[in-house]
Structures are given as C-alpha cells and as structure tokens.
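Source file: query-v5.pdb. Holds: PDB, C-alpha atoms.
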ATOM      1  CA  MET A 748       5.594 -20.476 -13.528
ATOM      2  CA  ALA A 749       4.440 -19.214 -10.134
ATOM      3  CA  GLU A 750       5.576 -21.155  -7.103
ATOM      4  CA  ARG A 751       2.858 -23.222  -5.449
ATOM      5  CA  ALA A 752       1.457 -21.899  -2.183
ATOM      6  CA  LYS A 753       2.636 -23.699   0.941
ATOM      7  CA  ILE A 754       0.381 -24.771   3.823
ATOM      8  CA  LEU A 755       1.838 -25.504   7.260
ATOM      9  CA  LEU A 756       0.166 -28.460   9.008
ATOM     10  CA  VAL A 757       0.825 -28.509  12.755
ATOM     11  CA  ASP A 758      -0.285 -31.579  14.729
ATOM     12  CA  ASP A 759       1.501 -33.941  17.104
ATOM     13  CA  ARG A 760      -0.356 -37.019  15.789
ATOM     14  CA  GLU A 761       0.900 -38.709  12.634
ATOM     15  CA  GLU A 762      -2.551 -39.981  11.605
ATOM     16  CA  ASN A 763      -3.953 -36.435  11.707
ATOM     17  CA  LEU A 764      -1.171 -35.133   9.488
ATOM     18  CA  ILE A 765      -1.781 -37.940   7.006
ATOM     19  CA  ALA A 766      -5.514 -37.158   6.976
ATOM     20  CA  LEU A 767      -4.885 -33.449   6.367
ATOM     21  CA  GLU A 768      -2.484 -34.208   3.531
ATOM     22  CA  ALA A 769      -5.090 -36.487   1.945
ATOM     23  CA  ILE A 770      -7.786 -33.794   2.182
ATOM     24  CA  LEU A 771      -5.523 -31.190   0.577
ATOM     25  CA  SER A 772      -4.057 -33.514  -2.056
ATOM     26  CA  SER A 773      -6.487 -32.317  -4.743
ATOM     27  CA  LEU A 774      -5.379 -28.696  -4.307
ATOM     28  CA  ASP A 775      -2.363 -27.172  -6.035
ATOM     29  CA  VAL A 776      -0.488 -26.583  -2.788
ATOM     30  CA  VAL A 777       2.572 -27.874  -0.962
ATOM     31  CA  ALA A 778       1.845 -29.289   2.507
ATOM     32  CA  VAL A 779       4.637 -28.943   5.078
ATOM     33  CA  ARG A 780       4.465 -30.936   8.323
ATOM     34  CA  ALA A 781       5.307 -29.852  11.858
ATOM     35  CA  ARG A 782       4.867 -32.221  14.820
ATOM     36  CA  SER A 783       4.999 -29.494  17.501
ATOM     37  CA  GLY A 784       4.752 -25.778  18.065
ATOM     38  CA  GLU A 785       8.534 -25.577  18.204
ATOM     39  CA  GLU A 786       8.853 -27.298  14.807
ATOM     40  CA  ALA A 787       6.246 -24.953  13.369
ATOM     41  CA  LEU A 788       8.116 -21.845  14.527
ATOM     42  CA  LYS A 789      11.353 -23.229  13.073
ATOM     43  CA  ALA A 790       9.673 -23.898   9.701
ATOM     44  CA  LEU A 791       8.263 -20.361   9.663
ATOM     45  CA  LEU A 792      11.791 -18.961   9.862
ATOM     46  CA  ALA A 793      12.751 -20.475   6.513
ATOM     47  CA  ILE A 794       9.536 -20.830   4.492
ATOM     48  CA  GLU A 795       6.784 -18.437   3.429
ATOM     49  CA  PHE A 796       3.345 -19.937   4.043
ATOM     50  CA  ALA A 797      -0.065 -19.003   2.679
ATOM     51  CA  LEU A 798      -1.935 -20.580   5.614
ATOM     52  CA  ILE A 799      -1.406 -22.481   8.862
ATOM     53  CA  LEU A 800      -3.647 -25.339  10.023
ATOM     54  CA  LEU A 801      -2.892 -25.527  13.727
ATOM     55  CA  ASP A 802      -4.002 -28.176  16.207
ATOM     56  CA  VAL A 803      -4.949 -26.761  19.613
ATOM     57  CA  ARG A 804      -4.124 -29.753  21.805
ATOM     58  CA  MET A 805      -0.413 -30.542  21.664
ATOM     59  CA  PRO A 806       2.026 -31.523  24.414
ATOM     60  CA  GLY A 807       4.440 -28.812  25.480
ATOM     61  CA  MET A 808       3.667 -25.701  23.471
ATOM     62  CA  ASP A 809      -0.037 -25.905  22.602
ATOM     63  CA  GLY A 810      -1.785 -24.246  19.667
ATOM     64  CA  PHE A 811      -2.663 -21.056  21.528
ATOM     65  CA  GLU A 812       0.915 -20.477  22.647
ATOM     66  CA  THR A 813       2.225 -21.290  19.184
ATOM     67  CA  ALA A 814      -0.192 -18.789  17.627
ATOM     68  CA  ALA A 815       0.890 -16.126  20.115
ATOM     69  CA  HIS A 816       4.523 -16.545  19.017
ATOM     70  CA  ILE A 817       3.511 -16.415  15.343
ATOM     71  CA  LYS A 818       1.531 -13.203  15.806
ATOM     72  CA  ARG A 819       4.387 -11.544  17.699
ATOM     73  CA  ARG A 820       6.795 -11.991  14.805
ATOM     74  CA  GLU A 821       6.776  -9.245  12.191
ATOM     75  CA  ARG A 822       7.479 -11.721   9.385
ATOM     76  CA  THR A 823       4.639 -14.119  10.246
ATOM     77  CA  ARG A 824       1.959 -12.079  12.024
ATOM     78  CA  ASN A 825      -0.216 -11.750   8.909
ATOM     79  CA  ILE A 826      -0.291 -15.442   8.002
ATOM     80  CA  PRO A 827      -3.883 -16.666   8.494
ATOM     81  CA  ILE A 828      -4.370 -19.460  11.050
ATOM     82  CA  ILE A 829      -7.178 -22.010  11.159
ATOM     83  CA  PHE A 830      -7.376 -23.788  14.520
ATOM     84  CA  LEU A 831      -8.326 -27.472  14.599
ATOM     85  CA  THR A 832      -9.471 -29.333  17.712
ATOM     86  CA  VAL A 833     -11.756 -32.135  18.868
ATOM     87  CA  VAL A 834     -15.464 -31.551  19.349
ATOM     88  CA  ASP A 835     -15.393 -32.105  23.141
ATOM     89  CA  SER A 836     -12.877 -29.324  23.803
ATOM     90  CA  ALA A 837     -13.479 -26.713  26.477
ATOM     91  CA  PRO A 838     -16.361 -24.369  25.588
ATOM     92  CA  ASP A 839     -14.097 -21.321  25.584
ATOM     93  CA  TYR A 840     -11.676 -22.805  23.026
ATOM     94  CA  ALA A 841     -13.326 -21.054  20.082
ATOM     95  CA  PHE A 842     -13.154 -17.697  21.858
ATOM     96  CA  ARG A 843      -9.519 -18.267  22.822
ATOM     97  CA  GLY A 844      -8.738 -19.259  19.254
ATOM     98  CA  TYR A 845     -10.112 -16.055  17.768
ATOM     99  CA  ALA A 846      -8.496 -14.018  20.546
ATOM    100  CA  ALA A 847      -5.154 -15.616  19.626
ATOM    101  CA  GLY A 848      -5.516 -14.365  16.073
ATOM    102  CA  ALA A 849      -7.171 -17.275  14.269
ATOM    103  CA  VAL A 850      -9.253 -16.495  11.196
ATOM    104  CA  ASP A 851     -11.320 -19.644  11.626
ATOM    105  CA  TYR A 852     -11.920 -22.565  13.967
ATOM    106  CA  LEU A 853     -12.930 -26.113  13.013
ATOM    107  CA  THR A 854     -13.753 -29.051  15.268
ATOM    108  CA  LYS A 855     -12.806 -32.648  14.524
ATOM    109  CA  PRO A 856     -14.149 -34.629  12.866
ATOM    110  CA  PHE A 857     -14.694 -31.913  10.273
ATOM    111  CA  ASP A 858     -16.161 -32.134   6.799
ATOM    112  CA  PRO A 859     -13.226 -32.571   4.369
ATOM    113  CA  TRP A 860     -15.062 -30.571   1.719
ATOM    114  CA  VAL A 861     -15.529 -27.616   4.102
ATOM    115  CA  LEU A 862     -11.862 -27.584   5.095
ATOM    116  CA  ARG A 863     -10.748 -27.886   1.476
ATOM    117  CA  ALA A 864     -13.050 -25.016   0.461
ATOM    118  CA  LYS A 865     -11.748 -22.772   3.262
ATOM    119  CA  VAL A 866      -8.139 -23.528   2.372
ATOM    120  CA  SER A 867      -8.858 -22.793  -1.301
ATOM    121  CA  VAL A 868     -10.128 -19.315  -0.428
ATOM    122  CA  PHE A 869      -7.027 -18.406   1.574
ATOM    123  CA  VAL A 870      -4.720 -19.838  -1.087
ATOM    124  CA  GLU A 871      -6.459 -17.779  -3.763
ATOM    125  CA  LEU A 872      -6.104 -14.622  -1.640
ATOM    126  CA  TYR A 873      -2.422 -15.422  -1.113
ATOM    127  CA  ASN A 874      -1.873 -15.940  -4.848
ATOM    128  CA  MET A 875      -3.678 -12.683  -5.694
ATOM    129  CA  ASN A 876      -1.541 -10.745  -3.209
ATOM    130  CA  SER A 877       1.593 -12.353  -4.624
ATOM    131  CA  ARG A 878       0.621 -11.376  -8.173
ATOM    132  CA  LEU A 879      -0.108  -7.819  -7.046
ATOM    133  CA  ALA A 880       3.271  -7.609  -5.306
ATOM    134  CA  ASP A 881       4.998  -8.864  -8.461
ATOM    135  CA  GLN A 882       3.186  -6.265 -10.566
ATOM    136  CA  ALA A 883       4.144  -3.505  -8.132
ATOM    137  CA  ALA A 884       7.783  -4.612  -8.272
ATOM    138  CA  LEU A 885       7.650  -4.532 -12.075
ATOM    139  CA  LEU A 886       6.181  -1.020 -12.007
ATOM    140  CA  ARG A 887       8.886   0.081  -9.581
ATOM    141  CA  ASP A 888      11.608  -1.278 -11.860
ATOM    142  CA  ARG A 889      10.095   0.437 -14.893
ATOM    143  CA  LEU A 890       9.824   3.699 -13.001
ATOM    144  CA  ALA A 891      13.495   3.503 -12.051
ATOM    145  CA  VAL A 892      14.429   3.057 -15.723
ATOM    146  CA  GLU A 893      12.067   5.645 -17.176
ATOM    147  CA  LEU A 894      12.543   8.241 -14.427
ATOM    148  CA  PRO A 895      16.182   7.921 -13.289
ATOM    149  CA  ASP A 896      18.039  10.041 -10.750
ATOM    150  CA  GLY A 897      14.959  10.614  -8.625
ATOM    151  CA  THR A 898      13.056  12.595 -11.268
ATOM    152  CA  GLY A 899       9.948  10.586 -10.394
ATOM    153  CA  ALA A 900       9.897  11.949  -6.853
ATOM    154  CA  GLU A 901       7.464  14.698  -7.836
ATOM    155  CA  VAL A 902       5.411  12.552 -10.216
ATOM    156  CA  LEU A 903       4.276   9.918  -7.729
ATOM    157  CA  PRO A 904       2.896  12.347  -5.093
ATOM    158  CA  GLU A 905       0.911  14.174  -7.775
ATOM    159  CA  LEU A 906      -0.533  10.924  -9.097
ATOM    160  CA  SER A 907      -1.317   9.838  -5.536
ATOM    161  CA  ARG A 908      -3.175  13.113  -4.879
ATOM    162  CA  ARG A 909      -5.250  12.589  -7.998
ATOM    163  CA  LEU A 910      -6.075   9.058  -6.920
ATOM    164  CA  THR A 911      -7.116  10.346  -3.490
ATOM    165  CA  ALA A 912      -9.546  12.710  -5.211
ATOM    166  CA  VAL A 913     -11.005   9.780  -7.136
ATOM    167  CA  GLU A 914     -11.374   7.773  -3.907
ATOM    168  CA  GLU A 915     -13.204  10.670  -2.242
ATOM    169  CA  GLU A 916     -15.518  11.057  -5.198
ATOM    170  CA  LEU A 917     -16.207   7.326  -5.204
ATOM    171  CA  THR A 918     -17.152   7.505  -1.521
ATOM    172  CA  ARG A 919     -19.615  10.321  -2.245
ATOM    173  CA  VAL A 920     -21.182   8.344  -5.107
ATOM    174  CA  LYS A 921     -21.583   5.310  -2.845
ATOM    175  CA  GLU A 922     -23.290   7.432  -0.196
ATOM    176  CA  LEU A 923     -25.640   8.903  -2.796
ATOM    177  CA  THR A 924     -26.476   5.449  -4.125
ATOM    178  CA  ALA A 925     -27.239   4.215  -0.600
ATOM    179  CA  LYS A 926     -29.649   7.106  -0.027
ATOM    180  CA  THR A 927     -31.492   6.376  -3.279
ATOM    181  CA  GLN A 928     -32.004   2.651  -2.663
ATOM    182  CA  GLY A 929     -32.902   0.945  -5.907
ATOM    183  CA  ALA A 930     -33.257   4.174  -7.862
ATOM    184  CA  ILE A 931     -29.739   4.074  -9.291
ATOM    185  CA  PRO A 932     -28.689   0.557 -10.412
ATOM    186  CA  LEU A 933     -24.942   1.076  -9.891
ATOM    187  CA  THR A 934     -24.096  -1.794  -7.550
ATOM    188  CA  GLY A 935     -22.128  -3.771 -10.127
ATOM    189  CA  PRO A 936     -20.236  -0.840 -11.699
ATOM    190  CA  LEU A 937     -19.446   0.635  -8.283
ATOM    191  CA  ARG A 938     -18.059  -2.662  -7.110
ATOM    192  CA  ASP A 939     -15.883  -2.981 -10.221
ATOM    193  CA  LEU A 940     -14.673   0.603  -9.926
ATOM    194  CA  SER A 941     -13.900   0.127  -6.228
ATOM    195  CA  GLU A 942     -11.760  -2.900  -7.015
ATOM    196  CA  ARG A 943      -9.825  -1.042  -9.700
ATOM    197  CA  VAL A 944      -9.209   1.909  -7.388
ATOM    198  CA  LEU A 945      -8.035  -0.421  -4.632
ATOM    199  CA  HIS A 946      -5.569  -2.041  -7.021
ATOM    200  CA  LEU A 947      -4.313   1.358  -8.142
ATOM    201  CA  ARG A 948      -3.836   2.492  -4.545
ATOM    202  CA  ALA A 949      -1.959  -0.712  -3.673
ATOM    203  CA  GLY A 950       0.338  -0.099  -6.617
ATOM    204  CA  PHE A 951       1.056   3.487  -5.581
ATOM    205  CA  ASP A 952       1.674   2.424  -1.980
ATOM    206  CA  ALA A 953       4.154  -0.179  -3.163
ATOM    207  CA  LEU A 954       5.930   2.367  -5.344
ATOM    208  CA  SER A 955       6.109   5.046  -2.646
TER     209      SER A 955
END
Please, can you express the file's structure as structure tokens?
Amino acid sequence: MAERAKILLVDDREENLIALEAILSSLDVVAVRARSGEEALKALLAIEFALILLDVRMPGMDGFETAAHIKRRERTRNIPIIFLTVVDSAPDYAFRGYAAGAVDYLTKPFDPWVLRAKVSVFVELYNMNSRLADQAALLRDRLAVELPDGTGAEVLPELSRRLTAVEEELTRVKELTAKTQGAIPLTGPLRDLSERVLHLRAGFDALS
C-alpha cells in the first residue's frame, strides 16, 4: 500500500494549526505541525512532503524568509507552498508570496472547502509523480536484468531518438490542427496522445 502524502502545516498559533488539521481531516493525508520557520526547516530535513501550508506572519523567521530557505535547498525547492495570512495584511504580501516561490496565496478567514480542494489537487499531483517514479524504477530494474553488462547502452539512445521523432510529429499535427480551427476534431485524441508521449519521455529520462 502506498504511503500517505504528508502536508507540512507551519503556523505559530495553536488554534490555527488545529483548524487546519480539522479542514484536512477528511483527506487521506498526514498533517505534520511546525510552530516556527526553524521547526519547519528541521522537519523538511527528515520528511518528504507533498505540500507546505505556510503562515506569513510569524515571530522570528517569517513565512517569506522560511520559503526562501526552502527554495534554496536542492531537496526541497520543488515542494509547492501555499501562503496563508490575514485579510488585512500589507497590499504587497501576495506579490511577495509569489516572488518567494509560492504556488498560491490564501487570506484568512478562508473557505475550508476551497483550501481542501486546492490541497487535494497538489496531493493528487504528488501521488501521480510518485507512481511514475516507482514505474520508472521498476523499468530500470528490469532493464538491468534483461540487458546486463551495459548492453542496453545503445538501445536506450535509439529508443529516445525515435520518441523525439514522435514528439516532433505531434507538434506538427498540433500546429496543423490549430490552423484548421474546428475542421479537424482531434482535440481529445491529441490530448490523450500528448499525455502518453509525456509519460514515455519521463520514463526514458528516468532510465537514462
């Protein structure tokens, strides 16, 4: 069974942490608390998180400074951050939040349903990426067994070149479809094919 995604909740106020845990309780996630930016950075050293909900206003290291440290670390820079702050915050807070690397910005009091929906999206993306990584690892292991002693070194580049040709052809088909608006009803099939090609490319990249 896959391990449940973990969400890091960073807020210096106990009542806010309790409220966030209550909002997320219906989701299949593990909520981890941090009462300061320092605690958050320490937790990030030991645990892999799908998402960070980060309060802006905290004593000592505030949310912006905490986010800057997170984005500077190779291991944590790609973890999405949603900033949370009160509605009467400085008008430039939203801009500073996005500049610090946040993927979203919510003001308190926020709609619990909206926050839960946003978290669900990021958790689903995290789970999909995890499944893809597991599949790539399985392919890599199989390749090592079926093509030992480096005999697959020439196979993968050739397969990658063929996939590149498919990607280029797909791009040309998309351009043609765009020029003939409505004349060729390929939106659905093109989307499905694009997704399959993206998955194939991710697998090859992981194997390379």
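Closest approach to Glu786 of chain A from the set A:Ala766, A:Val757, A:Ala752, A:Val866 is made by A:Val757, with distances taken over only C-alpha atoms.
The gap separating atom CA of Ala790 of chain A from atom CA of Ala815 of chain A is 15.7 Å, in Å to one decimal.
If you count only C-alpha atoms and ignore residues fewer than 4 places along the chain from Lys818 of chain A, what sits within 12 Å of it is Leu788, Leu791, Ile799, Phe811, Glu812, Thr813, Ala814, Arg822, Thr823, Arg824, Asn825, Ile826, Pro827, Ile828, Ala846, Ala847, Gly848 and Ala849 of chain A.
Take atom CA of Val833 of chain A and atom CA of Arg804 of chain A: the distance between them is 8.5 Å.
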(message) One number please: atom CA of Pro806 of chain A to atom CA of Pro856 of chain A, in Å, one decimal.
(response) 20.1 Å
